[in-house]
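These notes concern the structure reproduced below.
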Amino acid sequence: MKNTSSIFLALIFLMGCQFGPDRKNTQSIRLNQIGYFVNGVKKFVVADSDASSFAIISAASDTVCSGTLENKGTWDQSGEQVSIGDFTELNAPGTFKIALDNGEASYDFVIGDNIYEDLKVAALKTYYLHRISMPIEEQYAGIYHRPMGHEDMARPFHPSTGKTEGTLDTPGGWYDAGDYGKYMINAGIATGMMLAAYEKYPEAYPDNSLNIPESGNGVPDILDEMRYEIEWMLTMQDEDGGVFVKVTTLNFGGMVMPHEAPEDRYVIGKSTIASLNLAAVCAMAARLFEPHDQKFAMTCLEAAINAWGWAMKHPEVYYAKNPEGVFTGAYNDTIPDEEFFWAAAELFVSTTEPEYFETIQLKLGNITFRLEENWRNYCDNIGYYSLLGNSSPLDQGQKQQVADGLLSLAKGLADKHKSIPYQIPVDHFVWGSNSDVLDAAIIFANAYEWSSDKQYLDMAVETFDYLMGKNAVGYSFVTGFGSHRPMHIHHRPSEADGIEAPYPGFVVGGPNFRLQDKGPLEQAGFAYASDLPAKAYIDALPSFASNEICINWNAPAVYMLAFFDAKRQEL
């Protein structure tokens with residue numbers, strides 16, 4: 001990239017690239033549609049274009065810098081010829097656009113110090129909007145206010161719980177996704193990841209930052225929101241310490257508002273892995289809530305210890321599949337190794353008891369990155385992050401062992417990042433692929449925290465760029481943010497509330513080459529534009545495989561936004 005004062009070059013760019021309505025289409029330019037940090041890396045993709053150079057044009061129509069596009073070859077995941085533009089050297093704040101030498105122009109974007117502040121709030125505020133058993137009030141939710149949904153009192157036990165009679169009061173928590181179920185395992189990964197974000201970056205979501213009912217109570221708003229879910233999770237613990245799996249209807253309901261949805265909900269299943277999720281989350285909560293509410297912290301610790309004890313006595317009680325007649329989300333998992341590690345790590349950090357160290361000591365350097373279903377495959381990474389934190393009782397040598405594993409993993413992802421034309425660390429696009437991308441970004445963030453190696457900070461930033469529009473379909477994958485964003489998400493309240501725009505701040509699932517919803521889409525008159533993996537996305541209501549939202553997909557976004565908030569001075 002170079003600065004230029006060439007009047008001729010500026011005129012060429014400005015012919016097709018004004019801040020008015022006459023610009024040419026932007027489909028070939030894939031950029032972060034919000035913008036870039038002043039001192040951060042600034043790159044964009046140009047796909048299937050005959051352009052060879054670019055200029056950055058200011059709001060005053062000045063050419064502030066220019067550069068040559070770097071050919072990265074054809075990406076097999078999208079079938080595109082990919083070039084990269086780099087204007088990292090531009091560190092002036094303002095509003096700009098990218099202009100190509102063939103007359104194409106990008107959406108407007110900003111360069112600034114705090115570009116994600118609104119998104120940071122919205123991404124976490126989605127959890128308030130998904131609260132169950134209370135009205136969502138206008139003073140906190142604006143146009144998205146609604147009556148109380150499911151009260152979830154006196155819910156009958158399904159036979160899969162092992163109980164043949166009785167009911168359970170299990171109010172509260174968050175709706176899980178586009179449906180109205182509550183699932184312990186997904187609650188675990190989502191809540192655990194956001195508790196990890198708070199433990200690492202406690203200043204990101206202080207009291208009064210979210211405008212929720214608890215704002216102003218002297219407790220950070222992120223902890224208040226997590227408590228609403230944790231209190232529900234605690235209701236799911238049986239008297240013997242084991243934990244039930246979910247609260248749902250027997251089948252998914254229609255596209256109606258929560259207060260119009262069926263109340264015939266059951267407490268379903270009981271499992272080792274649900275118990276370990278409660279143990280891990282409540283062990284974290286015990287230390288994080290202790291300065292604010294010692295009684296609640298002790299309640300959480302007792303629940304964590306009891307759930308761990310039950311899991312140790314019943315290590316192979318699996319919810320391997322839905323029982324006959326139940327068709328809601330299964331979250332089936334029969335490999336509890338990750339959950340045992342995570343729960344033991346959090347209990348060790350919170351109690352320093354040697355029995356928990358015995359479970360983790362042989363795996364301190366074994367941190368890995370497994371794609372798909374982060375509720376199943378990523379939860380142990382939260383334990384590793386806790387073991388590297390300030391509260392960890394590990395000695396320096398043991399911490400270094402964890403860090404060596406983390407940095408080895410980050411290096412492998414960095415090599416992959418460099419090899420993929422779009423410069424992202426993931427090229428496997430399945431259900432919830434956006435959460436895989438975000439989980440990789442978290443690995444880069446933690447590698448940077450430990451090593452101070454700037455390449456990991458840059459890669460964390462670039463990986464998040466993918467979410468905001470630097471991807472093969474040119475969408476910002478977050479509702480309410482970006483110039484080209486999802487409007488027809490698979491989400492019952494957003495479909496049924498009569499409001500054109502969906503709830504803002506939700507991360508959609510993203511490209512998914514398995515196309516599990518292809519048949520229903522076609523029956524509804526829709527079709528994927530491409531079945532190439534990186535392009536297998538459609539912004540259509542019936543697309544539960546690519547355009548649904550879920551609490552575990554938003555949680556890593558909340559983590560990364562807290563990270564960026566903490567790194568303002570370095571970005």
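Residues are named by chain letter and number: chains run A, B, ... in the order of the structure tokens, numbers start at 1 in each chain, and ligands are numbered from 1 in the order shown.
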What lies within 6 Å of stretch 424-428 of chain A using only C-alpha atoms, ignoring chain neighbours under 4 positions off, as a list in words? Leu413, Lys416, His417 and Thr463 of chain A
Please save C-alpha atoms of the selected residues as a compact mmCIF listing (two decimals), in the first residue's frame.
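Below you can see selection.txt, which holds the result:
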```
# COMPACT_ATOMS: atom_id res chain seq x y z
CA LEU A 413 -4.42 -22.29 13.56
CA LYS A 416 -4.12 -22.49 8.58
CA HIS A 417 -5.16 -18.84 8.69
CA THR A 463 -11.17 -13.66 12.26
```
Can you write out as CSV which residues of stretch 170-275 of chain A fall within 9 Å of stretch 117-140 of chain A, alongside each residue's closest atom pair and its distance in Å to one decimal, counting only C-alpha atoms and ordering rows by chain and ascending residue number?
```
residue,atom,partner,partner_atom,distance
A:Pro171,CA,A:Ser133,CA,5.9
A:Gly172,CA,A:Ile132,CA,5.0
A:Gly173,CA,A:Ile132,CA,5.7
A:Trp174,CA,A:Arg131,CA,4.5
A:Tyr175,CA,A:His130,CA,5.4
A:Asp176,CA,A:His130,CA,8.0
A:Ala177,CA,A:His130,CA,8.8
A:Tyr180,CA,A:Ile132,CA,8.9
A:Ala204,CA,A:Lys120,CA,8.6
A:Tyr205,CA,A:Val121,CA,8.0
A:Ser209,CA,A:Val121,CA,7.4
A:Leu210,CA,A:Val121,CA,6.2
A:Asn211,CA,A:Tyr140,CA,5.8
A:Ile212,CA,A:Tyr140,CA,5.7
A:Pro213,CA,A:Tyr140,CA,7.2
A:Ile222,CA,A:Leu124,CA,7.7
A:Glu225,CA,A:Tyr128,CA,6.9
A:Met226,CA,A:Tyr127,CA,8.9
A:Tyr228,CA,A:Arg131,CA,8.0
A:Glu229,CA,A:Arg131,CA,8.4
A:Pro258,CA,A:Ile132,CA,8.5
```
May I have the residues within 9 Å of A:Pro206 as a list in words, using only C-alpha atoms and disregarding those fewer than 5 positions away in the same chain?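 The residues satisfying every condition are Gly218, Val219, Pro220, Asp221, Ile222 and Leu223 of chain A.
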Which residues, written as number ranges by chain, have at least one atom at most 8 Å from stretch 502-513 of chain A, with only C-alpha atoms counted and residues fewer than 4 positions away on the same chain left out? A: 119, 122-126, 144, 429-435, 477-481, 486-489, 494-495, 531-537, 545-550, 553-554, 557
Please measure the separation of atom CA of A:Arg265 and atom CA of A:Phe157, giving the value in Å to one decimal. 9.3 Å
Rank A:Phe244, A:Leu195, A:Ile230, A:Ser419 by their smallest atom-to-atom distance to A:Phe296, using only C-alpha atoms, and report the top residue only. A:Ile230
Report, in Å to a single decimal, how far apart atom CA of A:Glu290 and atom CA of A:Leu438 are.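 Result for atom CA of A:Leu438 versus atom CA of A:Glu290: 29.5 Å, one decimal.
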Test item, strand (DSSP E or B) assignment across stretch 266-509 of chain A, answer as a short mmCIF file (atom, residue, chain, number, x, y, z; two decimals) with C-alpha atoms, in the first residue's frame:
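Written output follows (part-v8.cif):
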```cif
data_model
loop_
_atom_site.label_atom_id
_atom_site.label_comp_id
_atom_site.auth_asym_id
_atom_site.auth_seq_id
_atom_site.Cartn_x
_atom_site.Cartn_y
_atom_site.Cartn_z
CA TYR A 266 -41.74 -31.63 30.47
CA VAL A 267 -38.57 -32.10 32.47
CA ILE A 268 -36.71 -34.60 30.29
CA GLY A 269 -33.66 -36.80 30.83
CA LYS A 270 -30.90 -36.94 33.43
CA SER A 271 -27.27 -37.37 32.56
CA TYR A 319 -28.63 -38.91 27.02
CA ASP A 333 -23.17 -36.63 23.92
CA VAL A 478 -25.10 -10.39 13.11
CA HIS A 490 -35.12 -18.77 12.06
CA VAL A 507 -25.15 -14.28 15.59
CA VAL A 508 -26.72 -16.59 13.02
#
```
DSSP-assigned helix (DSSP H, G or I) members of stretch 279-499 of chain A, reported as a VMD selection string: chain A and resid 279 to 289 294 to 313 337 to 351 354 to 363 374 to 377 379 to 387 396 to 419 433 to 451 454 to 467 492 to 496
Need to verify the contact set: A:Met236, 10 Å, only C-alpha atoms, exclusion of same-chain residues closer than 4 positions in sequence. Can you return it as a list in words? Leu168, Asp169, Thr170, Pro171, Met184, Ile230, Glu231, Trp232, Gly241, Gly242, Val243, Phe244, Val245, Lys246, Val247, Val267, Lys270, Ala274, Ser275 and Leu278 of chain A
Please build the interface table for stretch 323-417 of chain A against stretch 185-192 of chain A with a cut-off of 9 Å, listing for each qualifying residue the nearest atom pair and the distance in Å to one decimal; count only C-alpha atoms, order rows by chain and increasing number, and write it as a tab-separated table.
```
residue	atom	partner	partner_atom	distance
A:Tyr331	CA	A:Ile185	CA	6.9
A:Asn374	CA	A:Ile189	CA	7.5
A:Trp375	CA	A:Ile189	CA	5.4
A:Arg376	CA	A:Ile185	CA	8.2
A:Tyr378	CA	A:Ile189	CA	8.1
A:Cys379	CA	A:Ile189	CA	5.9
A:Ile382	CA	A:Gly192	CA	7.2
```
Those same residues, written as a PDB file, in the first residue's frame with all heavy atoms?
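Ended up saving to result.pdb:
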```pdb
ATOM      1  N   TYR A 331     -29.048 -32.587  21.976  1.00  0.00           N
ATOM      2  CA  TYR A 331     -27.739 -32.305  22.588  1.00  0.00           C
ATOM      3  C   TYR A 331     -27.150 -33.599  23.155  1.00  0.00           C
ATOM      4  O   TYR A 331     -26.706 -33.651  24.295  1.00  0.00           O
ATOM      5  CB  TYR A 331     -27.869 -31.225  23.672  1.00  0.00           C
ATOM      6  CG  TYR A 331     -28.144 -29.852  23.098  1.00  0.00           C
ATOM      7  CD1 TYR A 331     -29.416 -29.279  23.184  1.00  0.00           C
ATOM      8  CD2 TYR A 331     -27.160 -29.135  22.451  1.00  0.00           C
ATOM      9  CE1 TYR A 331     -29.683 -28.025  22.642  1.00  0.00           C
ATOM     10  CE2 TYR A 331     -27.412 -27.881  21.908  1.00  0.00           C
ATOM     11  CZ  TYR A 331     -28.668 -27.334  22.000  1.00  0.00           C
ATOM     12  OH  TYR A 331     -28.922 -26.095  21.464  1.00  0.00           O
ATOM     13  N   ASN A 374     -19.896 -26.734  19.637  1.00  0.00           N
ATOM     14  CA  ASN A 374     -18.992 -26.345  20.722  1.00  0.00           C
ATOM     15  C   ASN A 374     -19.517 -26.738  22.089  1.00  0.00           C
ATOM     16  O   ASN A 374     -18.737 -26.866  23.042  1.00  0.00           O
ATOM     17  CB  ASN A 374     -18.647 -24.858  20.649  1.00  0.00           C
ATOM     18  CG  ASN A 374     -19.807 -23.930  20.952  1.00  0.00           C
ATOM     19  OD1 ASN A 374     -20.942 -24.357  21.229  1.00  0.00           O
ATOM     20  ND2 ASN A 374     -19.547 -22.635  20.887  1.00  0.00           N
ATOM     21  N   TRP A 375     -20.811 -26.990  22.215  1.00  0.00           N
ATOM     22  CA  TRP A 375     -21.342 -27.475  23.491  1.00  0.00           C
ATOM     23  C   TRP A 375     -20.796 -28.859  23.820  1.00  0.00           C
ATOM     24  O   TRP A 375     -20.744 -29.251  24.981  1.00  0.00           O
ATOM     25  CB  TRP A 375     -22.876 -27.533  23.455  1.00  0.00           C
ATOM     26  CG  TRP A 375     -23.440 -28.255  22.267  1.00  0.00           C
ATOM     27  CD1 TRP A 375     -23.792 -27.716  21.064  1.00  0.00           C
ATOM     28  CD2 TRP A 375     -23.701 -29.663  22.149  1.00  0.00           C
ATOM     29  NE1 TRP A 375     -24.265 -28.693  20.215  1.00  0.00           N
ATOM     30  CE2 TRP A 375     -24.225 -29.893  20.853  1.00  0.00           C
ATOM     31  CE3 TRP A 375     -23.569 -30.748  23.010  1.00  0.00           C
ATOM     32  CZ2 TRP A 375     -24.590 -31.158  20.396  1.00  0.00           C
ATOM     33  CZ3 TRP A 375     -23.932 -32.013  22.558  1.00  0.00           C
ATOM     34  CH2 TRP A 375     -24.445 -32.199  21.266  1.00  0.00           C
ATOM     35  N   ARG A 376     -20.385 -29.597  22.801  1.00  0.00           N
ATOM     36  CA  ARG A 376     -19.828 -30.926  22.989  1.00  0.00           C
ATOM     37  C   ARG A 376     -18.298 -30.906  22.992  1.00  0.00           C
ATOM     38  O   ARG A 376     -17.646 -31.639  23.749  1.00  0.00           O
ATOM     39  CB  ARG A 376     -20.309 -31.838  21.848  1.00  0.00           C
ATOM     40  CG  ARG A 376     -19.866 -33.292  21.957  1.00  0.00           C
ATOM     41  CD  ARG A 376     -19.891 -33.983  20.581  1.00  0.00           C
ATOM     42  NE  ARG A 376     -21.165 -33.870  19.899  1.00  0.00           N
ATOM     43  CZ  ARG A 376     -22.165 -34.742  20.013  1.00  0.00           C
ATOM     44  NH1 ARG A 376     -22.038 -35.792  20.800  1.00  0.00           N
ATOM     45  NH2 ARG A 376     -23.281 -34.569  19.330  1.00  0.00           N
ATOM     46  N   TYR A 378     -15.915 -28.050  22.836  1.00  0.00           N
ATOM     47  CA  TYR A 378     -15.065 -26.901  23.174  1.00  0.00           C
ATOM     48  C   TYR A 378     -15.043 -26.590  24.660  1.00  0.00           C
ATOM     49  O   TYR A 378     -14.238 -25.800  25.119  1.00  0.00           O
ATOM     50  CB  TYR A 378     -15.549 -25.667  22.392  1.00  0.00           C
ATOM     51  CG  TYR A 378     -14.579 -24.506  22.389  1.00  0.00           C
ATOM     52  CD1 TYR A 378     -13.531 -24.464  21.468  1.00  0.00           C
ATOM     53  CD2 TYR A 378     -14.703 -23.465  23.293  1.00  0.00           C
ATOM     54  CE1 TYR A 378     -12.649 -23.396  21.457  1.00  0.00           C
ATOM     55  CE2 TYR A 378     -13.814 -22.398  23.290  1.00  0.00           C
ATOM     56  CZ  TYR A 378     -12.785 -22.371  22.362  1.00  0.00           C
ATOM     57  OH  TYR A 378     -11.899 -21.321  22.338  1.00  0.00           O
ATOM     58  N   CYS A 379     -15.923 -27.223  25.450  1.00  0.00           N
ATOM     59  CA  CYS A 379     -16.096 -26.771  26.827  1.00  0.00           C
ATOM     60  C   CYS A 379     -14.830 -26.930  27.659  1.00  0.00           C
ATOM     61  O   CYS A 379     -14.565 -26.117  28.557  1.00  0.00           O
ATOM     62  CB  CYS A 379     -17.273 -27.482  27.481  1.00  0.00           C
ATOM     63  SG  CYS A 379     -17.108 -29.278  27.571  1.00  0.00           S
ATOM     64  N   ILE A 382     -12.559 -23.861  28.037  1.00  0.00           N
ATOM     65  CA  ILE A 382     -12.858 -22.878  29.072  1.00  0.00           C
ATOM     66  C   ILE A 382     -12.074 -23.207  30.332  1.00  0.00           C
ATOM     67  O   ILE A 382     -11.525 -22.317  31.012  1.00  0.00           O
ATOM     68  CB  ILE A 382     -14.363 -22.818  29.363  1.00  0.00           C
ATOM     69  CG1 ILE A 382     -15.146 -22.453  28.096  1.00  0.00           C
ATOM     70  CG2 ILE A 382     -14.666 -21.815  30.475  1.00  0.00           C
ATOM     71  CD1 ILE A 382     -16.653 -22.528  28.268  1.00  0.00           C
TER      72      ILE A 382
END
```
